[in-house]
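See below for run_28.pdb, which holds PDB, C-alpha atoms.
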MODEL        1
ATOM      1  CA  MET A1425     -53.562  38.817  13.872  1.00  0.00           C
ATOM      2  CA  GLU A1426     -55.843  40.112  11.155  1.00  0.00           C
ATOM      3  CA  ASN A1427     -53.506  43.047  10.578  1.00  0.00           C
ATOM      4  CA  VAL A1428     -50.585  40.695  10.025  1.00  0.00           C
ATOM      5  CA  ALA A1429     -52.592  38.598   7.552  1.00  0.00           C
ATOM      6  CA  ARG A1430     -53.634  41.762   5.680  1.00  0.00           C
ATOM      7  CA  TRP A1431     -50.019  43.002   5.610  1.00  0.00           C
ATOM      8  CA  ILE A1432     -48.842  39.629   4.246  1.00  0.00           C
ATOM      9  CA  ARG A1433     -51.598  39.666   1.607  1.00  0.00           C
ATOM     10  CA  HIS A1434     -50.611  43.183   0.438  1.00  0.00           C
ATOM     11  CA  ASN A1435     -46.831  42.481   0.594  1.00  0.00           C
ATOM     12  CA  GLN A1436     -46.498  38.870  -0.579  1.00  0.00           C
ATOM     13  CA  GLY A1437     -43.182  39.389  -2.411  1.00  0.00           C
ATOM     14  CA  LEU A1438     -41.623  41.185   0.557  1.00  0.00           C
ATOM     15  CA  PHE A1439     -42.908  38.495   2.944  1.00  0.00           C
ATOM     16  CA  VAL A1440     -41.390  35.680   0.836  1.00  0.00           C
ATOM     17  CA  ALA A1441     -38.120  37.652   0.598  1.00  0.00           C
ATOM     18  CA  LEU A1442     -38.074  38.051   4.413  1.00  0.00           C
ATOM     19  CA  ILE A1443     -38.643  34.301   4.885  1.00  0.00           C
ATOM     20  CA  ILE A1444     -35.814  33.500   2.430  1.00  0.00           C
ATOM     21  CA  CYS A1445     -33.470  35.998   4.150  1.00  0.00           C
ATOM     22  CA  ALA A1446     -34.281  34.540   7.574  1.00  0.00           C
ATOM     23  CA  GLY A1447     -33.617  31.018   6.270  1.00  0.00           C
ATOM     24  CA  LEU A1448     -30.316  32.100   4.714  1.00  0.00           C
ATOM     25  CA  LEU A1449     -29.308  33.874   7.923  1.00  0.00           C
ATOM     26  CA  VAL A1450     -30.046  30.798  10.057  1.00  0.00           C
ATOM     27  CA  TRP A1451     -28.273  28.526   7.557  1.00  0.00           C
ATOM     28  CA  GLY A1452     -25.262  30.845   7.175  1.00  0.00           C
ATOM     29  CA  ILE A1453     -24.715  31.415  10.890  1.00  0.00           C
ATOM     30  CA  GLY A1454     -26.040  28.236  12.450  1.00  0.00           C
ATOM     31  CA  CYS A1455     -24.833  25.559  10.013  1.00  0.00           C
ATOM     32  CA  LYS A1456     -21.131  24.830   9.706  1.00  0.00           C
ATOM     33  CA  SER A1457     -19.782  24.056   6.248  1.00  0.00           C
ATOM     34  CA  LYS A1458     -18.819  20.410   5.886  1.00  0.00           C
ATOM     35  CA  VAL A1459     -17.145  18.180   3.298  1.00  0.00           C
ATOM     36  CA  ALA A1460     -16.556  14.448   2.966  1.00  0.00           C
ATOM     37  CA  SER A1461     -13.876  13.101   5.296  1.00  0.00           C
ATOM     38  CA  LEU A1462     -10.513  11.972   3.916  1.00  0.00           C
ATOM     39  CA  VAL A1463     -10.613   8.889   6.139  1.00  0.00           C
ATOM     40  CA  ASP A1464     -14.277   7.912   5.869  1.00  0.00           C
ATOM     41  CA  PRO A1465     -16.043   9.395   2.805  1.00  0.00           C
ATOM     42  CA  THR A1466     -19.469   8.690   4.348  1.00  0.00           C
ATOM     43  CA  LYS A1467     -18.646  11.022   7.242  1.00  0.00           C
ATOM     44  CA  ARG A1468     -18.767  14.817   6.859  1.00  0.00           C
ATOM     45  CA  VAL A1469     -16.225  17.045   8.628  1.00  0.00           C
ATOM     46  CA  THR A1470     -15.596  20.743   9.203  1.00  0.00           C
ATOM     47  CA  SER A1471     -12.494  22.638   8.106  1.00  0.00           C
ATOM     48  CA  PRO A1472     -10.540  22.156  11.389  1.00  0.00           C
ATOM     49  CA  GLU A1473     -11.425  18.443  11.442  1.00  0.00           C
ATOM     50  CA  LEU A1474     -10.277  18.146   7.822  1.00  0.00           C
ATOM     51  CA  ALA A1475      -6.952  19.781   8.737  1.00  0.00           C
ATOM     52  CA  VAL A1476      -6.444  17.293  11.595  1.00  0.00           C
ATOM     53  CA  GLU A1477      -7.232  14.344   9.298  1.00  0.00           C
ATOM     54  CA  LEU A1478      -4.800  15.673   6.711  1.00  0.00           C
ATOM     55  CA  ASP A1479      -2.045  16.032   9.325  1.00  0.00           C
ATOM     56  CA  GLN A1480      -2.652  12.484  10.574  1.00  0.00           C
ATOM     57  CA  LEU A1481      -2.652  11.002   7.064  1.00  0.00           C
ATOM     58  CA  THR A1482       0.480  12.953   6.158  1.00  0.00           C
ATOM     59  CA  ALA A1483       2.309  11.612   9.224  1.00  0.00           C
ATOM     60  CA  LYS A1484       1.155   8.066   8.438  1.00  0.00           C
ATOM     61  CA  LEU A1485       2.226   8.306   4.788  1.00  0.00           C
ATOM     62  CA  ASN A1486       5.594   9.792   5.785  1.00  0.00           C
ATOM     63  CA  ALA A1487       6.167   6.855   8.143  1.00  0.00           C
ATOM     64  CA  GLU A1488       5.222   4.399   5.374  1.00  0.00           C
ATOM     65  CA  LEU A1489       7.523   6.229   2.964  1.00  0.00           C
ATOM     66  CA  ASP A1490      10.416   6.054   5.439  1.00  0.00           C
ATOM     67  CA  SER A1491       9.803   2.336   5.889  1.00  0.00           C
ATOM     68  CA  LEU A1492       9.664   1.827   2.128  1.00  0.00           C
ATOM     69  CA  ILE A1493      12.930   3.738   1.642  1.00  0.00           C
ATOM     70  CA  LYS A1494      14.672   1.646   4.319  1.00  0.00           C
ATOM     71  CA  MET A1495      13.371  -1.563   2.736  1.00  0.00           C
ATOM     72  CA  ALA A1496      14.607  -0.418  -0.688  1.00  0.00           C
ATOM     73  CA  GLU A1497      18.034   0.369   0.784  1.00  0.00           C
ATOM     74  CA  LEU A1498      18.264  -3.118   2.312  1.00  0.00           C
ATOM     75  CA  ARG A1499      17.244  -4.733  -0.955  1.00  0.00           C
ATOM     76  CA  GLN A1500      19.761  -2.601  -2.834  1.00  0.00           C
ATOM     77  CA  LEU A1501      22.483  -3.840  -0.483  1.00  0.00           C
ATOM     78  CA  ASP A1502      21.375  -7.420  -1.145  1.00  0.00           C
ATOM     79  CA  LEU A1503      21.542  -6.802  -4.897  1.00  0.00           C
ATOM     80  CA  LEU A1504      25.045  -5.386  -4.543  1.00  0.00           C
ATOM     81  CA  ARG A1505      26.122  -8.432  -2.509  1.00  0.00           C
ATOM     82  CA  GLN A1506      24.697 -10.807  -5.121  1.00  0.00           C
ATOM     83  CA  ASP A1507      26.429  -8.906  -7.929  1.00  0.00           C
ATOM     84  CA  GLU A1508      29.681  -9.002  -5.965  1.00  0.00           C
ATOM     85  CA  VAL A1509      29.472 -12.795  -5.615  1.00  0.00           C
ATOM     86  CA  LYS A1510      28.811 -13.154  -9.361  1.00  0.00           C
ATOM     87  CA  THR A1511      31.721 -10.856 -10.177  1.00  0.00           C
ATOM     88  CA  LYS A1512      34.084 -12.852  -7.959  1.00  0.00           C
ATOM     89  CA  LEU A1513      32.992 -16.122  -9.564  1.00  0.00           C
ATOM     90  CA  PHE A1514      33.536 -14.750 -13.064  1.00  0.00           C
ATOM     91  CA  GLU A1515      36.901 -13.283 -12.039  1.00  0.00           C
ATOM     92  CA  PHE A1516      37.933 -16.675 -10.668  1.00  0.00           C
ATOM     93  CA  ALA A1517      36.845 -18.373 -13.885  1.00  0.00           C
ATOM     94  CA  ALA A1518      38.750 -15.823 -15.975  1.00  0.00           C
ATOM     95  CA  MET A1519      41.906 -16.209 -13.833  1.00  0.00           C
ATOM     96  CA  THR A1520      41.710 -19.982 -14.075  1.00  0.00           C
ATOM     97  CA  TYR A1521      41.301 -19.805 -17.839  1.00  0.00           C
ATOM     98  CA  LYS A1522      44.236 -17.378 -18.252  1.00  0.00           C
ATOM     99  CA  ALA A1523      46.491 -19.389 -15.968  1.00  0.00           C
ATOM    100  CA  GLY A1524      45.691 -22.566 -17.867  1.00  0.00           C
ATOM    101  CA  THR A1525      44.929 -24.439 -14.650  1.00  0.00           C
ATOM    102  CA  PHE A1526      41.377 -25.291 -15.669  1.00  0.00           C
ATOM    103  CA  ASN A1527      40.444 -28.673 -14.247  1.00  0.00           C
ATOM    104  CA  PRO A1528      37.545 -30.294 -16.172  1.00  0.00           C
ATOM    105  CA  ALA A1529      37.391 -33.161 -13.682  1.00  0.00           C
ATOM    106  CA  GLY A1530      36.839 -30.673 -10.866  1.00  0.00           C
ATOM    107  CA  VAL A1531      33.996 -28.967 -12.744  1.00  0.00           C
ATOM    108  CA  ILE A1532      32.369 -32.329 -13.530  1.00  0.00           C
ATOM    109  CA  THR A1533      32.648 -33.341  -9.867  1.00  0.00           C
ATOM    110  CA  LEU A1534      31.111 -30.032  -8.751  1.00  0.00           C
ATOM    111  CA  VAL A1535      28.195 -30.318 -11.190  1.00  0.00           C
ATOM    112  CA  GLY A1536      27.652 -33.960 -10.224  1.00  0.00           C
ATOM    113  CA  SER A1537      27.590 -33.088  -6.523  1.00  0.00           C
ATOM    114  CA  ILE A1538      25.033 -30.324  -7.085  1.00  0.00           C
ATOM    115  CA  LEU A1539      22.830 -32.679  -9.137  1.00  0.00           C
ATOM    116  CA  CYS A1540      23.045 -35.401  -6.450  1.00  0.00           C
ATOM    117  CA  ILE A1541      21.972 -32.930  -3.767  1.00  0.00           C
ATOM    118  CA  GLY A1542      19.023 -31.900  -5.963  1.00  0.00           C
ATOM    119  CA  LEU A1543      18.007 -35.516  -6.494  1.00  0.00           C
ATOM    120  CA  GLY A1544      18.228 -36.217  -2.768  1.00  0.00           C
ATOM    121  CA  VAL A1545      15.980 -33.262  -1.935  1.00  0.00           C
ATOM    122  CA  ASP A1546      13.558 -34.291  -4.674  1.00  0.00           C
ATOM    123  CA  ASN A1547      13.372 -37.867  -3.304  1.00  0.00           C
ATOM    124  CA  ARG A1548      12.675 -36.603   0.240  1.00  0.00           C
ATOM    125  CA  ILE A1549       9.810 -34.464  -1.092  1.00  0.00           C
ATOM    126  CA  LYS A1550       8.375 -37.406  -3.044  1.00  0.00           C
ATOM    127  CA  ASP A1551       8.656 -39.666   0.030  1.00  0.00           C
ATOM    128  CA  LYS A1552       6.694 -37.132   2.060  1.00  0.00           C
ATOM    129  CA  VAL A1553       3.982 -36.908  -0.622  1.00  0.00           C
ATOM    130  CA  ILE A1554       3.717 -40.690  -0.832  1.00  0.00           C
ATOM    131  CA  LYS A1555       3.587 -41.016   2.968  1.00  0.00           C
ATOM    132  CA  ASN A1556       0.787 -38.417   3.272  1.00  0.00           C
ATOM    133  CA  ARG A1557      -1.278 -39.741   0.384  1.00  0.00           C
ATOM    134  CA  PRO A1558      -4.475 -41.471   1.491  1.00  0.00           C
ATOM    135  CA  LEU A1559      -4.675 -45.174   0.714  1.00  0.00           C
ATOM    136  CA  ALA A1560      -7.062 -46.198  -2.027  1.00  0.00           C
ATOM    137  CA  GLU A1561      -9.958 -48.265  -0.733  1.00  0.00           C
ATOM    138  CA  SER A1562     -10.572 -51.475  -2.650  1.00  0.00           C
TER     139      SER A1562
ENDMDL
END
As structure tokens, how would this structure be written, given the file I've shared?
Amino acid sequence: MENVARWIRHNQGLFVALIICAGLLVWGIGCKSKVASLVDPTKRVTSPELAVELDQLTAKLNAELDSLIKMAELRQLDLLRQDEVKTKLFEFAAMTYKAGTFNPAGVITLVGSILCIGLGVDNRIKDKVIKNRPLAES
């Protein structure tokens, strides 16, 4: 043991270099490289685990994108339907105006009916609010 201590004392730089090389060798071979996870940043993962997470997230995002595209298509169809109804109404109004068969009494009746329906709905809502209101204690 005394020979080892003497060798270390005479070769301090070489001994420290050997210790550093041994530590680097153990770290390089025994410790896998890791990075923060894509799913849970507090977790650390290796390269194959990162690839699996990326594949899973890509599949999930593709599914969400497909769903979003389908939803946008449905909403686009709804917009087209609404625009078609507006176009037909304006075409009807233009035809009526050109034909000279515009009936002001009919328009007044239509507007009056719509307003009466609105008032009826409004009264039902007010009745419900009044019915559910707590009574004031005297």
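In this structure, CA of Glu1473 (chain A) sits 9.5 Å away from CA of Lys1458 (chain A).
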Translate the PyMOL selection byres ((chain A and resi 1451-1457) around 12) into a concrete residue list for this structure, as an MDAnalysis selection string. chainID A and resid 1444:1450 1458:1460 1468:1474
Taking all listed atoms of region 1465-1468 of chain A, build the axis-aligned box, pad each of the six sides by 3 Å, then write its centre and edge lengths in Å to one decimal as lines of an AutoDock Vina configuration file.
center_x = -17.8
center_y = 11.8
center_z = 5.0
size_x = 9.4
size_y = 12.1
size_z = 10.4
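Pairwise distance (CA of Val1531 (chain A), CA of Lys1510 (chain A)) equals 17.0 Å.
Between CA of Val1463 (chain A) and CA of Glu1477 (chain A) the separation is 7.2 Å.
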